[in-house]
file model_6.txt (compact mmCIF, C-alpha atoms)
# COMPACT_ATOMS: atom_id res chain seq x y z
CA MET A 1 6.96 -58.00 11.35
CA LYS A 2 9.74 -55.51 12.06
CA LEU A 3 7.87 -52.87 10.07
CA LYS A 4 4.74 -53.40 12.12
CA VAL A 5 6.65 -52.86 15.34
CA ILE A 6 8.20 -49.65 14.02
CA ALA A 7 4.82 -48.38 12.85
CA PHE A 8 3.28 -49.20 16.21
CA ILE A 9 6.01 -47.34 18.08
CA ALA A 10 5.64 -44.35 15.78
CA VAL A 11 1.88 -44.19 16.35
CA MET A 12 2.34 -44.51 20.09
CA LEU A 13 4.90 -41.70 20.06
CA CYS A 14 2.44 -39.45 18.25
CA VAL A 15 -0.27 -40.23 20.75
CA ILE A 16 2.07 -39.49 23.64
CA ILE A 17 3.20 -36.18 22.16
CA VAL A 18 -0.35 -35.03 21.45
CA SER A 19 -1.67 -36.00 24.87
CA CYS A 20 1.31 -34.39 26.58
CA GLN A 21 0.15 -31.07 25.31
CA SER A 22 -2.27 -29.91 27.91
CA GLU A 23 -5.74 -28.93 26.91
CA ALA A 24 -4.94 -25.31 27.73
CA GLU A 25 -2.00 -25.39 25.36
CA GLN A 26 -4.16 -26.75 22.58
CA GLU A 27 -6.76 -24.10 23.23
CA TYR A 28 -4.08 -21.42 23.05
CA LYS A 29 -2.84 -22.78 19.73
CA ARG A 30 -6.37 -22.86 18.34
CA TYR A 31 -7.04 -19.27 19.42
CA TYR A 32 -3.69 -18.01 18.18
CA GLY A 33 -3.97 -19.76 14.79
CA SER A 34 -7.46 -18.45 14.05
CA GLY A 35 -6.48 -15.05 15.43
CA THR A 36 -3.76 -14.78 12.79
CA LEU A 37 -6.44 -14.93 10.08
CA VAL A 38 -8.71 -12.41 11.81
CA TYR A 39 -5.75 -10.06 12.22
CA LYS A 40 -4.87 -10.31 8.53
CA ALA A 41 -8.43 -9.59 7.48
CA LYS A 42 -9.34 -6.85 9.95
CA CYS A 43 -6.24 -5.23 11.48
CA GLN A 44 -3.19 -5.66 9.31
CA ASN A 45 -3.97 -2.98 6.71
CA CYS A 46 -3.55 -0.28 9.32
CA HIS A 47 -1.46 -1.79 12.11
CA GLY A 48 0.92 -3.63 9.79
CA GLU A 49 2.16 -7.18 9.45
CA LYS A 50 4.49 -6.82 12.42
CA GLY A 51 2.13 -4.63 14.45
CA GLU A 52 4.36 -1.68 13.63
CA GLY A 53 1.61 0.87 12.91
CA LEU A 54 2.21 3.67 10.39
CA SER A 55 4.42 6.65 11.21
CA ASN A 56 2.55 8.95 13.60
CA LEU A 57 -0.81 8.16 11.98
CA ILE A 58 -1.53 4.69 13.35
CA PRO A 59 -0.17 3.40 16.66
CA PRO A 60 1.83 0.16 16.84
CA LEU A 61 0.60 -2.81 18.90
CA THR A 62 3.93 -3.29 20.63
CA ASP A 63 3.28 -1.36 23.86
CA THR A 64 3.14 -4.31 26.24
CA ALA A 65 2.55 -2.11 29.30
CA TYR A 66 -0.40 -0.33 27.63
CA LEU A 67 -2.00 -3.63 26.61
CA LYS A 68 -1.62 -5.06 30.11
CA LYS A 69 -3.03 -1.96 31.76
CA ASN A 70 -6.04 -1.82 29.44
CA LYS A 71 -6.57 -5.57 29.11
CA ALA A 72 -10.20 -5.45 30.24
CA GLN A 73 -11.01 -2.82 27.60
CA LEU A 74 -9.31 -4.39 24.58
CA ALA A 75 -12.44 -6.29 23.54
CA CYS A 76 -14.44 -3.04 23.64
CA PHE A 77 -11.82 -1.29 21.47
CA VAL A 78 -12.05 -4.01 18.82
CA LYS A 79 -15.85 -4.20 18.81
CA TYR A 80 -16.87 -0.56 19.23
CA GLY A 81 -13.78 1.19 17.91
CA ILE A 82 -12.10 4.19 19.48
CA LYS A 83 -13.63 7.63 19.10
CA GLU A 84 -11.52 10.67 18.19
CA THR A 85 -9.09 10.79 21.10
CA ILE A 86 -5.43 11.02 22.02
CA THR A 87 -3.77 7.77 23.03
CA THR A 88 -0.20 7.55 24.24
CA ILE A 89 1.57 4.46 22.94
CA ASN A 90 5.26 3.81 23.57
CA GLY A 91 5.46 7.37 24.91
CA LYS A 92 4.18 8.88 21.65
CA ALA A 93 0.79 10.60 21.30
CA TYR A 94 -1.53 9.34 18.59
CA GLU A 95 -4.72 11.15 17.81
CA GLY A 96 -7.58 9.89 15.74
CA ALA A 97 -10.27 7.25 15.63
CA MET A 98 -10.29 3.50 15.14
CA PRO A 99 -13.18 1.99 13.18
CA ALA A 100 -15.64 -0.32 14.97
CA ASN A 101 -16.29 -3.99 14.18
CA VAL A 102 -19.80 -4.27 15.60
CA ASP A 103 -20.52 -7.46 13.66
CA MET A 104 -17.47 -9.32 14.92
CA PRO A 105 -18.44 -12.33 17.06
CA ALA A 106 -16.94 -12.63 20.56
CA ILE A 107 -14.96 -15.71 19.59
CA ASP A 108 -13.21 -13.79 16.77
CA ILE A 109 -12.41 -10.97 19.17
CA ALA A 110 -10.95 -13.47 21.66
CA GLU A 111 -8.87 -15.08 18.91
CA VAL A 112 -7.49 -11.85 17.52
CA LEU A 113 -6.69 -10.52 21.00
CA THR A 114 -4.88 -13.78 21.78
CA TYR A 115 -2.90 -13.32 18.56
CA ILE A 116 -2.01 -9.67 19.24
CA GLY A 117 -1.45 -10.35 22.94
CA ASN A 118 1.18 -12.97 22.12
CA SER A 119 2.83 -11.40 19.08
CA PHE A 120 4.98 -8.31 18.47
CA GLY A 121 6.81 -8.86 21.78
CA ASN A 122 3.63 -9.23 23.89
CA LYS A 123 3.04 -12.19 26.21
CA MET A 124 -0.48 -12.18 27.64
CA GLY A 125 -1.48 -15.83 27.26
CA THR A 126 -4.91 -16.92 26.03
CA ILE A 127 -7.70 -14.36 26.12
CA THR A 128 -10.77 -16.61 26.18
CA VAL A 129 -14.20 -16.03 24.74
CA ASP A 130 -15.63 -16.04 28.29
CA GLU A 131 -13.32 -13.19 29.29
CA VAL A 132 -14.29 -11.29 26.15
CA ASN A 133 -17.99 -11.74 26.79
CA ALA A 134 -17.57 -10.51 30.38
CA ASP A 135 -15.51 -7.51 29.24
CA LEU A 136 -17.99 -6.60 26.50
CA GLU A 137 -20.78 -6.28 29.04
CA LYS A 138 -18.84 -3.55 30.78
CA CYS A 139 -18.06 -1.47 27.68
CA LYS A 140 -18.63 2.21 28.19
CA MET B 1 41.39 -24.88 -33.95
CA LYS B 2 41.92 -23.29 -30.55
CA LYS B 3 42.44 -19.90 -32.14
CA PHE B 4 39.26 -20.31 -34.11
CA ALA B 5 37.28 -21.14 -30.98
CA GLY B 6 38.73 -18.09 -29.27
CA LEU B 7 37.69 -15.90 -32.18
CA ILE B 8 34.15 -17.27 -32.06
CA LEU B 9 34.03 -16.62 -28.34
CA ILE B 10 35.05 -13.01 -28.85
CA ILE B 11 32.48 -12.54 -31.60
CA LEU B 12 29.79 -14.12 -29.46
CA ALA B 13 30.65 -11.97 -26.47
CA PHE B 14 30.54 -8.89 -28.66
CA ALA B 15 27.21 -9.93 -30.17
CA ALA B 16 25.83 -10.53 -26.68
CA CYS B 17 26.79 -7.02 -25.63
CA LYS B 18 25.22 -5.54 -28.71
CA PHE B 19 22.09 -7.58 -28.16
CA ASN B 20 21.81 -6.47 -24.57
CA ASP B 21 22.11 -2.90 -25.63
CA ALA B 22 19.18 -3.16 -28.04
CA ASP B 23 17.15 -5.12 -25.53
CA LYS B 24 17.12 -2.45 -22.84
CA PRO B 25 13.85 -2.81 -20.94
CA ARG B 26 11.15 -0.37 -21.99
CA LEU B 27 7.84 0.22 -20.35
CA PRO B 28 4.67 -0.03 -22.44
CA ILE B 29 2.59 3.04 -23.16
CA MET B 30 -0.89 2.50 -21.72
CA GLY B 31 -4.29 4.07 -22.01
CA ASN B 32 -6.41 4.72 -25.09
CA ARG B 33 -4.70 5.59 -28.34
CA ASP B 34 -5.67 7.09 -31.69
CA ALA B 35 -4.16 6.77 -35.11
CA VAL B 36 -3.87 10.14 -36.80
CA THR B 37 -3.10 10.42 -40.49
CA LYS B 38 -1.50 13.61 -41.63
CA THR B 39 0.27 14.79 -44.74
CA VAL B 40 3.97 15.46 -44.32
CA ASN B 41 5.88 16.65 -47.39
CA GLY B 42 3.11 15.41 -49.65
CA LYS B 43 3.20 11.91 -48.14
CA GLN B 44 0.51 10.32 -46.01
CA VAL B 45 1.94 9.49 -42.57
CA THR B 46 0.04 7.66 -39.87
CA ASP B 47 1.03 8.53 -36.36
CA THR B 48 -0.10 7.10 -33.03
CA VAL B 49 -1.42 9.64 -30.60
CA TYR B 50 -1.29 8.39 -27.03
CA GLN B 51 -3.67 9.39 -24.31
CA THR B 52 -2.19 12.00 -22.00
CA ILE B 53 -3.26 13.38 -18.64
CA PRO B 54 -4.93 16.78 -19.26
CA ASP B 55 -4.31 19.93 -17.26
CA PHE B 56 -5.80 20.24 -13.79
CA LYS B 57 -5.79 22.65 -10.90
CA PHE B 58 -5.58 21.57 -7.28
CA VAL B 59 -4.11 22.82 -4.02
CA ASN B 60 -1.36 20.91 -2.17
CA GLN B 61 -0.86 20.46 1.57
CA TYR B 62 1.00 23.77 1.78
CA GLY B 63 -1.87 25.69 0.19
CA ASP B 64 0.01 26.18 -3.12
CA SER B 65 -1.81 25.90 -6.45
CA ILE B 66 -0.67 22.85 -8.41
CA THR B 67 -1.29 22.44 -12.14
CA GLN B 68 0.17 20.28 -14.89
CA LYS B 69 2.89 22.96 -15.18
CA SER B 70 4.09 22.23 -11.65
CA LEU B 71 4.91 18.70 -12.87
CA LYS B 72 6.72 19.80 -16.03
CA GLY B 73 9.74 17.58 -16.66
CA ASP B 74 8.72 15.15 -13.92
CA ILE B 75 7.87 11.49 -13.84
CA TYR B 76 5.14 11.00 -11.29
CA VAL B 77 2.95 8.47 -9.53
CA ALA B 78 -0.69 9.35 -8.85
CA ASP B 79 -3.11 7.72 -6.43
CA PHE B 80 -6.50 8.43 -4.89
CA PHE B 81 -7.22 8.27 -1.16
CA PHE B 82 -8.91 10.07 1.74
CA THR B 83 -7.45 10.73 5.16
CA THR B 84 -10.21 8.99 7.12
CA CYS B 85 -10.11 5.86 4.94
CA PRO B 86 -10.30 2.77 7.14
CA SER B 87 -9.64 0.11 4.50
CA ILE B 88 -6.84 0.16 1.96
CA CYS B 89 -5.36 3.67 2.28
CA PRO B 90 -3.06 3.00 5.24
CA ILE B 91 -1.41 0.08 3.49
CA MET B 92 -1.20 2.05 0.22
CA HIS B 93 0.58 4.90 1.94
CA ARG B 94 2.75 2.54 3.98
CA ASN B 95 3.96 1.23 0.61
CA MET B 96 4.08 4.71 -0.95
CA LEU B 97 6.31 5.80 1.92
CA THR B 98 8.90 3.28 0.66
CA VAL B 99 8.67 4.88 -2.80
CA TYR B 100 8.96 8.36 -1.25
CA ASN B 101 12.07 7.40 0.73
CA GLU B 102 13.67 5.83 -2.35
CA PHE B 103 13.22 8.89 -4.57
CA LYS B 104 12.81 11.91 -2.27
CA ASN B 105 16.15 13.38 -3.34
CA VAL B 106 15.56 12.80 -7.05
CA PRO B 107 14.71 16.08 -8.79
CA ASP B 108 12.53 14.72 -11.62
CA PHE B 109 10.19 12.48 -9.64
CA LYS B 110 7.02 13.30 -7.68
CA ILE B 111 4.12 11.59 -5.98
CA ILE B 112 0.63 13.12 -6.08
CA SER B 113 -2.17 11.79 -3.92
CA HIS B 114 -5.63 13.12 -4.71
CA THR B 115 -8.21 13.15 -1.95
CA ILE B 116 -11.62 11.88 -3.05
CA ASP B 117 -13.22 13.47 0.04
CA PRO B 118 -12.28 17.15 -0.39
CA LYS B 119 -15.11 18.25 1.88
CA HIS B 120 -13.43 16.73 4.92
CA ASP B 121 -9.83 16.80 3.68
CA SER B 122 -9.13 20.52 3.77
CA VAL B 123 -5.61 21.88 3.23
CA ALA B 124 -5.15 21.95 7.02
CA VAL B 125 -6.26 18.32 7.38
CA MET B 126 -3.93 17.27 4.56
CA LYS B 127 -1.01 19.14 6.14
CA LYS B 128 -1.64 17.38 9.43
CA TYR B 129 -1.83 14.02 7.64
CA ALA B 130 1.46 14.75 5.84
CA ASP B 131 3.16 15.70 9.11
CA LYS B 132 1.92 12.55 10.84
CA LEU B 133 2.96 10.41 7.89
CA GLY B 134 6.38 12.01 8.16
CA ILE B 135 6.66 13.57 4.70
CA THR B 136 8.28 16.95 4.10
CA GLY B 137 9.44 19.00 1.13
CA ASN B 138 7.93 18.93 -2.34
CA SER B 139 8.38 15.38 -3.59
CA TRP B 140 4.99 14.14 -2.33
CA TRP B 141 1.98 16.40 -2.74
CA LEU B 142 -1.43 15.71 -1.22
CA LEU B 143 -3.87 17.41 -3.58
CA GLN B 144 -7.26 18.78 -2.70
CA GLY B 145 -9.76 20.49 -4.97
CA ASN B 146 -13.02 20.31 -6.84
CA LYS B 147 -14.62 16.92 -6.22
CA GLU B 148 -16.04 16.55 -9.73
CA GLN B 149 -12.70 17.41 -11.31
CA THR B 150 -10.96 14.84 -9.12
CA TYR B 151 -13.46 12.09 -9.95
CA ASP B 152 -13.38 12.98 -13.68
CA LEU B 153 -9.61 12.89 -13.74
CA GLY B 154 -9.58 9.53 -11.97
CA GLN B 155 -12.21 7.84 -14.08
CA LYS B 156 -11.63 9.33 -17.53
CA ASN B 157 -7.92 9.98 -17.52
CA TYR B 158 -6.20 7.69 -15.04
CA LEU B 159 -8.89 5.08 -15.77
CA VAL B 160 -9.37 4.02 -12.15
CA ALA B 161 -12.72 3.56 -10.44
CA ILE B 162 -13.89 5.92 -7.69
CA LYS B 163 -17.40 6.10 -6.33
CA GLN B 164 -19.15 7.51 -3.31
CA ASP B 165 -21.13 4.78 -1.55
CA ASP B 166 -22.47 5.25 1.93
CA GLY B 167 -22.86 1.49 2.27
CA THR B 168 -19.13 0.74 2.40
CA PRO B 169 -16.87 1.44 5.38
CA GLY B 170 -15.65 5.00 5.11
CA GLY B 171 -18.26 5.83 2.49
CA TYR B 172 -16.19 5.51 -0.71
CA VAL B 173 -15.40 2.72 -3.11
CA HIS B 174 -12.01 3.04 -4.69
CA GLN B 175 -9.21 0.86 -5.94
CA GLY B 176 -5.67 1.03 -4.68
CA TRP B 177 -3.94 1.67 -8.00
CA PHE B 178 -0.69 3.57 -8.25
CA VAL B 179 -0.53 5.06 -11.77
CA LEU B 180 2.92 5.79 -13.23
CA VAL B 181 3.02 8.76 -15.63
CA ASP B 182 6.01 9.78 -17.79
CA LYS B 183 7.36 13.24 -18.66
CA GLN B 184 5.12 13.34 -21.75
CA LYS B 185 2.10 12.78 -19.43
CA ARG B 186 1.46 9.29 -20.82
CA ILE B 187 0.44 6.39 -18.55
CA ARG B 188 3.27 3.84 -18.33
CA GLY B 189 2.16 1.51 -15.58
CA TYR B 190 -0.50 0.41 -13.08
CA TYR B 191 0.50 -1.15 -9.77
CA ASP B 192 -1.63 -2.46 -6.92
CA GLY B 193 -0.65 -0.10 -4.11
CA THR B 194 -1.73 -2.61 -1.47
CA ASP B 195 0.76 -5.22 -2.74
CA GLU B 196 4.33 -4.81 -1.55
CA LYS B 197 5.70 -6.86 -4.45
CA GLN B 198 3.98 -4.75 -7.11
CA VAL B 199 5.20 -1.58 -5.43
CA ALA B 200 8.75 -2.98 -5.49
CA LYS B 201 8.28 -3.58 -9.23
CA MET B 202 7.10 0.01 -9.61
CA ILE B 203 10.28 1.28 -7.96
CA GLY B 204 12.27 -0.70 -10.55
CA ASP B 205 10.08 0.62 -13.38
CA ILE B 206 10.56 4.22 -12.23
CA LYS B 207 14.32 3.69 -12.56
CA ILE B 208 13.84 2.26 -16.07
CA LEU B 209 11.63 5.18 -17.00
CA ARG B 210 14.12 7.76 -15.72
CA ALA B 211 16.91 6.15 -17.77
CA GLU B 212 14.70 5.92 -20.86
CA VAL B 213 13.72 9.56 -20.80
CA ASN B 214 17.28 10.66 -20.24
CA THR B 215 18.56 8.78 -23.30
CA GLU B 216 15.74 10.16 -25.41
CA ILE B 217 16.80 13.65 -24.47
CA ALA B 218 20.43 12.85 -25.28
CA GLN B 219 19.62 11.72 -28.81
call {"tool": "encode", "arguments": {"input": "model_6.txt", "output": "structure tokens"}}
result
Amino acid sequence: MKLKVIAFIAVMLCVIIVSCQSEAEQEYKRYYGSGTLVYKAKCQNCHGEKGEGLSNLIPPLTDTAYLKKNKAQLACFVKYGIKETITTINGKAYEGAMPANVDMPAIDIAEVLTYIGNSFGNKMGTITVDEVNADLEKCK
Amino acid sequence: MKKFAGLILIILAFAACKFNDADKPRLPIMGNRDAVTKTVNGKQVTDTVYQTIPDFKFVNQYGDSITQKSLKGDIYVADFFFTTCPSICPIMHRNMLTVYNEFKNVPDFKIISHTIDPKHDSVAVMKKYADKLGITGNSWWLLQGNKEQTYDLGQKNYLVAIKQDDGTPGGYVHQGWFVLVDKQKRIRGYYDGTDEKQVAKMIGDIKILRAEVNTEIAQ
């Protein structure tokens, strides 16, 4: 009898904890978790496990101000790459190109941007698939 | 009885030291090998001839000619890459940078990275790449030269696969092997250059190899 009561309380506690997390929070966790995998597969070789980049060859992903300022273009960068150009990151000039990922679905782009946008010292919140789709339509 | 135990302990400790001495780690000799039988002082002697890396001629990032002679008396690590490589090269050279920093002040160690895209990777491009990577001096050479010679050397001598394939990102198929070569130009180890743990093992093996060669010279 006692055991049943304890089990019941435990289950109730779980339900309360889960439902206390807002839907937005759960969405963020889903995006961030999947984004980790996309990052590992598509970004990490060059940008590094901690988003540190590689010497002066590959820029780090730690420039929070740059990411904020170019937020609407990030999806375009991931999907269509960056052509030979000079980009200033953390006050340092990087020149070169970034390869495109034309086959990457919008949801993967949203997930990986949510991961990058909330790792390596960045705090941008969830970047949703709707935002990504809207941004992709405006790619130059 | 106590004395006896003490004596045994001393003998054991001594034996352990001796044993350790004989059990010094040694790296295997890799690659193809041949048995050659020759006559020495009227006796038939069979000797193992190990595969060695043949002579080559390339140009480094400073525009200097580099041949096997330039590596005389050196242990070295060779790899194959190209500067515009989007896949495994950045992580290989991120890891190689650790190796470079560990040994850059060691006189008998070098790193040579062969470009498999010499058409794009001119001496000027390689110099720029080296500068951006942050390497200076002569402990890491980026070598550029005849494409066929580079591919031959990779496939037949270092035994790693390289292939041009316009269907893959960047246009080339290649593996991320770091090949460790000793002062006698024999292959002593293969390490996956994209794997941090294997590269750490290589750093340890380079130290073993340097010690091994030095004792051989002393004898």
call {"tool": "residues_around", "arguments": {"input": "model_6.txt", "residues": "Val132 of chain A", "least_positions_apart": "3", "cutoff": "10 Å", "atoms": "all atoms listed in the file", "output": "ChimeraX atom specification"}}
result
/A:72-76,106-111,113,127-129,135-137
call {"tool": "closest_atom_pairs", "arguments": {"input": "model_6.txt", "of": "chain B", "to": "chain A", "cutoff": "12 Å", "atoms": "only C-alpha atoms", "output": "CSV"}}
result
residue,atom,partner,partner_atom,distance
B:Thr83,CA,A:Leu57,CA,9.9
B:Thr84,CA,A:Ala97,CA,8.7
B:Cys85,CA,A:Pro99,CA,9.6
B:Pro86,CA,A:Pro99,CA,6.7
B:Ser87,CA,A:Asn45,CA,6.8
B:Ile88,CA,A:Asn45,CA,6.4
B:Cys89,CA,A:Asn45,CA,8.1
B:Pro90,CA,A:Cys46,CA,5.3
B:Ile91,CA,A:Asn45,CA,5.1
B:Met92,CA,A:Asn45,CA,8.7
B:His93,CA,A:Leu54,CA,8.7
B:Arg94,CA,A:Leu54,CA,6.5
B:Asn95,CA,A:Leu54,CA,10.2
B:Met96,CA,A:Leu54,CA,11.5
B:Leu97,CA,A:Ser55,CA,9.5
B:Thr98,CA,A:Leu54,CA,11.8
B:Val125,CA,A:Gly96,CA,11.9
B:Lys128,CA,A:Leu57,CA,9.6
B:Tyr129,CA,A:Leu57,CA,7.4
B:Ala130,CA,A:Leu57,CA,9.3
B:Asp131,CA,A:Asn56,CA,8.1
B:Lys132,CA,A:Asn56,CA,4.6
B:Leu133,CA,A:Ser55,CA,5.2
B:Gly134,CA,A:Ser55,CA,6.5
B:Ile135,CA,A:Ser55,CA,9.8
B:Pro169,CA,A:Pro99,CA,8.6
B:Gly170,CA,A:Pro99,CA,9.0
B:Gly193,CA,A:Asn45,CA,11.7
B:Thr194,CA,A:Asn45,CA,8.5
B:Asp195,CA,A:Asn45,CA,10.8
B:Glu196,CA,A:Glu49,CA,11.5
call {"tool": "residues_around", "arguments": {"input": "model_6.txt", "residues": "Met126 of chain B", "least_positions_apart": "6", "cutoff": "12 Å", "atoms": "all atoms listed in the file", "output": "PyMOL selection string"}}
result
chain B and resi 59-63+81-84+113-115+117-120+132-133+135+140-145
call {"tool": "write_last_selection", "arguments": {"input": "model_6.txt", "atoms": "C-alpha atoms", "output": "short mmCIF file (atom, residue, chain, number, x, y, z; two decimals), keeping the file's coordinate frame"}}
result
data_model
loop_
_atom_site.label_atom_id
_atom_site.label_comp_id
_atom_site.auth_asym_id
_atom_site.auth_seq_id
_atom_site.Cartn_x
_atom_site.Cartn_y
_atom_site.Cartn_z
CA VAL B 59 -4.11 22.82 -4.02
CA ASN B 60 -1.36 20.91 -2.17
CA GLN B 61 -0.86 20.46 1.57
CA TYR B 62 1.00 23.77 1.78
CA GLY B 63 -1.87 25.69 0.19
CA PHE B 81 -7.22 8.27 -1.16
CA PHE B 82 -8.91 10.07 1.74
CA THR B 83 -7.45 10.73 5.16
CA THR B 84 -10.21 8.99 7.12
CA SER B 113 -2.17 11.79 -3.92
CA HIS B 114 -5.63 13.12 -4.71
CA THR B 115 -8.21 13.15 -1.95
CA ASP B 117 -13.22 13.47 0.04
CA PRO B 118 -12.28 17.15 -0.39
CA LYS B 119 -15.11 18.25 1.88
CA HIS B 120 -13.43 16.73 4.92
CA LYS B 132 1.92 12.55 10.84
CA LEU B 133 2.96 10.41 7.89
CA ILE B 135 6.66 13.57 4.70
CA TRP B 140 4.99 14.14 -2.33
CA TRP B 141 1.98 16.40 -2.74
CA LEU B 142 -1.43 15.71 -1.22
CA LEU B 143 -3.87 17.41 -3.58
CA GLN B 144 -7.26 18.78 -2.70
CA GLY B 145 -9.76 20.49 -4.97
#
call {"tool": "atom_distance", "arguments": {"input": "model_6.txt", "atom1": "atom CA of Val11 of chain A", "atom2": "atom CA of Gln26 of chain A"}}
result
19.5 Å
call {"tool": "axis_aligned_box", "arguments": {"input": "model_6.txt", "around": "segment 60-73 of chain B", "padding_each_side": "8 Å", "output": "AutoDock Vina command-line options"}}
result
--center_x 3.9 --center_y 21.9 --center_z -7.4 --size_x 27.6 --size_y 24.6 --size_z 34.4
call {"tool": "residues_around", "arguments": {"input": "model_6.txt", "residues": "Arg210 of chain B", "least_positions_apart": "4", "cutoff": "10 Å", "atoms": "only C-alpha atoms", "output": "ChimeraX atom specification"}}
result
/B:74-75,108-109,182-183,205-206,214-215
call {"tool": "residues_near_point", "arguments": {"input": "model_6.txt", "point": "(-4.3, 6.2, -36.3)", "cutoff": "7 Å", "atoms": "only C-alpha atoms", "output": "PyMOL selection string"}}
result
chain B and resi 34-37+46-48
call {"tool": "residues_near_point", "arguments": {"input": "model_6.txt", "point": "(-16.5, 6.7, -5.7)", "cutoff": "8 Å", "atoms": "all atoms listed in the file", "output": "compact mmCIF listing (two decimals) with C-alpha atoms, in the coordinates of the input"}}
result
# COMPACT_ATOMS: atom_id res chain seq x y z
CA ILE B 116 -11.62 11.88 -3.05
CA TYR B 151 -13.46 12.09 -9.95
CA ALA B 161 -12.72 3.56 -10.44
CA ILE B 162 -13.89 5.92 -7.69
CA LYS B 163 -17.40 6.10 -6.33
CA GLN B 164 -19.15 7.51 -3.31
CA ASP B 165 -21.13 4.78 -1.55
CA TYR B 172 -16.19 5.51 -0.71
CA VAL B 173 -15.40 2.72 -3.11
CA HIS B 174 -12.01 3.04 -4.69
call {"tool": "atom_distance", "arguments": {"input": "model_6.txt", "atom1": "atom CA of Thr64 of chain A", "atom2": "atom CA of Asn122 of chain A"}}
result
5.5 Å
call {"tool": "atom_distance", "arguments": {"input": "model_6.txt", "atom1": "atom CA of Ile53 of chain B", "atom2": "atom CA of Lys104 of chain B"}}
result
23.0 Å
call {"tool": "decode", "arguments": {"input": "model_6.txt", "residues": "segment 114-119 of chain A", "atoms": "all heavy atoms", "output": "PDB file, in the first residue's frame"}}
result
ATOM      1  N   THR A 114      20.155  27.359 -33.987  1.00  0.00           N
ATOM      2  CA  THR A 114      19.782  27.425 -32.572  1.00  0.00           C
ATOM      3  C   THR A 114      20.933  26.919 -31.705  1.00  0.00           C
ATOM      4  O   THR A 114      21.254  27.486 -30.664  1.00  0.00           O
ATOM      5  CB  THR A 114      18.510  26.598 -32.316  1.00  0.00           C
ATOM      6  OG1 THR A 114      17.467  27.129 -33.120  1.00  0.00           O
ATOM      7  CG2 THR A 114      18.103  26.655 -30.846  1.00  0.00           C
ATOM      8  N   TYR A 115      21.593  25.852 -32.179  1.00  0.00           N
ATOM      9  CA  TYR A 115      22.735  25.318 -31.426  1.00  0.00           C
ATOM     10  C   TYR A 115      23.875  26.341 -31.356  1.00  0.00           C
ATOM     11  O   TYR A 115      24.361  26.672 -30.277  1.00  0.00           O
ATOM     12  CB  TYR A 115      23.228  24.009 -32.054  1.00  0.00           C
ATOM     13  CG  TYR A 115      24.484  23.500 -31.397  1.00  0.00           C
ATOM     14  CD1 TYR A 115      24.440  22.976 -30.102  1.00  0.00           C
ATOM     15  CD2 TYR A 115      25.725  23.574 -32.038  1.00  0.00           C
ATOM     16  CE1 TYR A 115      25.593  22.542 -29.467  1.00  0.00           C
ATOM     17  CE2 TYR A 115      26.873  23.143 -31.407  1.00  0.00           C
ATOM     18  CZ  TYR A 115      26.811  22.621 -30.123  1.00  0.00           C
ATOM     19  OH  TYR A 115      27.957  22.205 -29.500  1.00  0.00           O
ATOM     20  N   ILE A 116      24.270  26.857 -32.527  1.00  0.00           N
ATOM     21  CA  ILE A 116      25.385  27.820 -32.560  1.00  0.00           C
ATOM     22  C   ILE A 116      25.002  29.095 -31.804  1.00  0.00           C
ATOM     23  O   ILE A 116      25.789  29.631 -31.031  1.00  0.00           O
ATOM     24  CB  ILE A 116      25.764  28.154 -34.019  1.00  0.00           C
ATOM     25  CG1 ILE A 116      26.340  26.916 -34.726  1.00  0.00           C
ATOM     26  CG2 ILE A 116      26.779  29.311 -34.073  1.00  0.00           C
ATOM     27  CD1 ILE A 116      26.448  27.045 -36.224  1.00  0.00           C
ATOM     28  N   GLY A 117      23.757  29.539 -32.009  1.00  0.00           N
ATOM     29  CA  GLY A 117      23.291  30.776 -31.409  1.00  0.00           C
ATOM     30  C   GLY A 117      23.172  30.717 -29.888  1.00  0.00           C
ATOM     31  O   GLY A 117      22.960  31.749 -29.249  1.00  0.00           O
ATOM     32  N   ASN A 118      23.278  29.520 -29.327  1.00  0.00           N
ATOM     33  CA  ASN A 118      23.167  29.386 -27.873  1.00  0.00           C
ATOM     34  C   ASN A 118      24.329  28.587 -27.298  1.00  0.00           C
ATOM     35  O   ASN A 118      24.226  27.993 -26.227  1.00  0.00           O
ATOM     36  CB  ASN A 118      21.839  28.740 -27.512  1.00  0.00           C
ATOM     37  CG  ASN A 118      20.679  29.630 -27.927  1.00  0.00           C
ATOM     38  OD1 ASN A 118      20.365  30.604 -27.272  1.00  0.00           O
ATOM     39  ND2 ASN A 118      20.077  29.308 -29.069  1.00  0.00           N
ATOM     40  N   SER A 119      25.438  28.534 -28.074  1.00  0.00           N
ATOM     41  CA  SER A 119      26.656  27.887 -27.582  1.00  0.00           C
ATOM     42  C   SER A 119      27.789  28.884 -27.733  1.00  0.00           C
ATOM     43  O   SER A 119      27.598  29.965 -28.285  1.00  0.00           O
ATOM     44  CB  SER A 119      26.984  26.637 -28.407  1.00  0.00           C
ATOM     45  OG  SER A 119      25.901  25.741 -28.382  1.00  0.00           O
TER      46      SER A 119
END
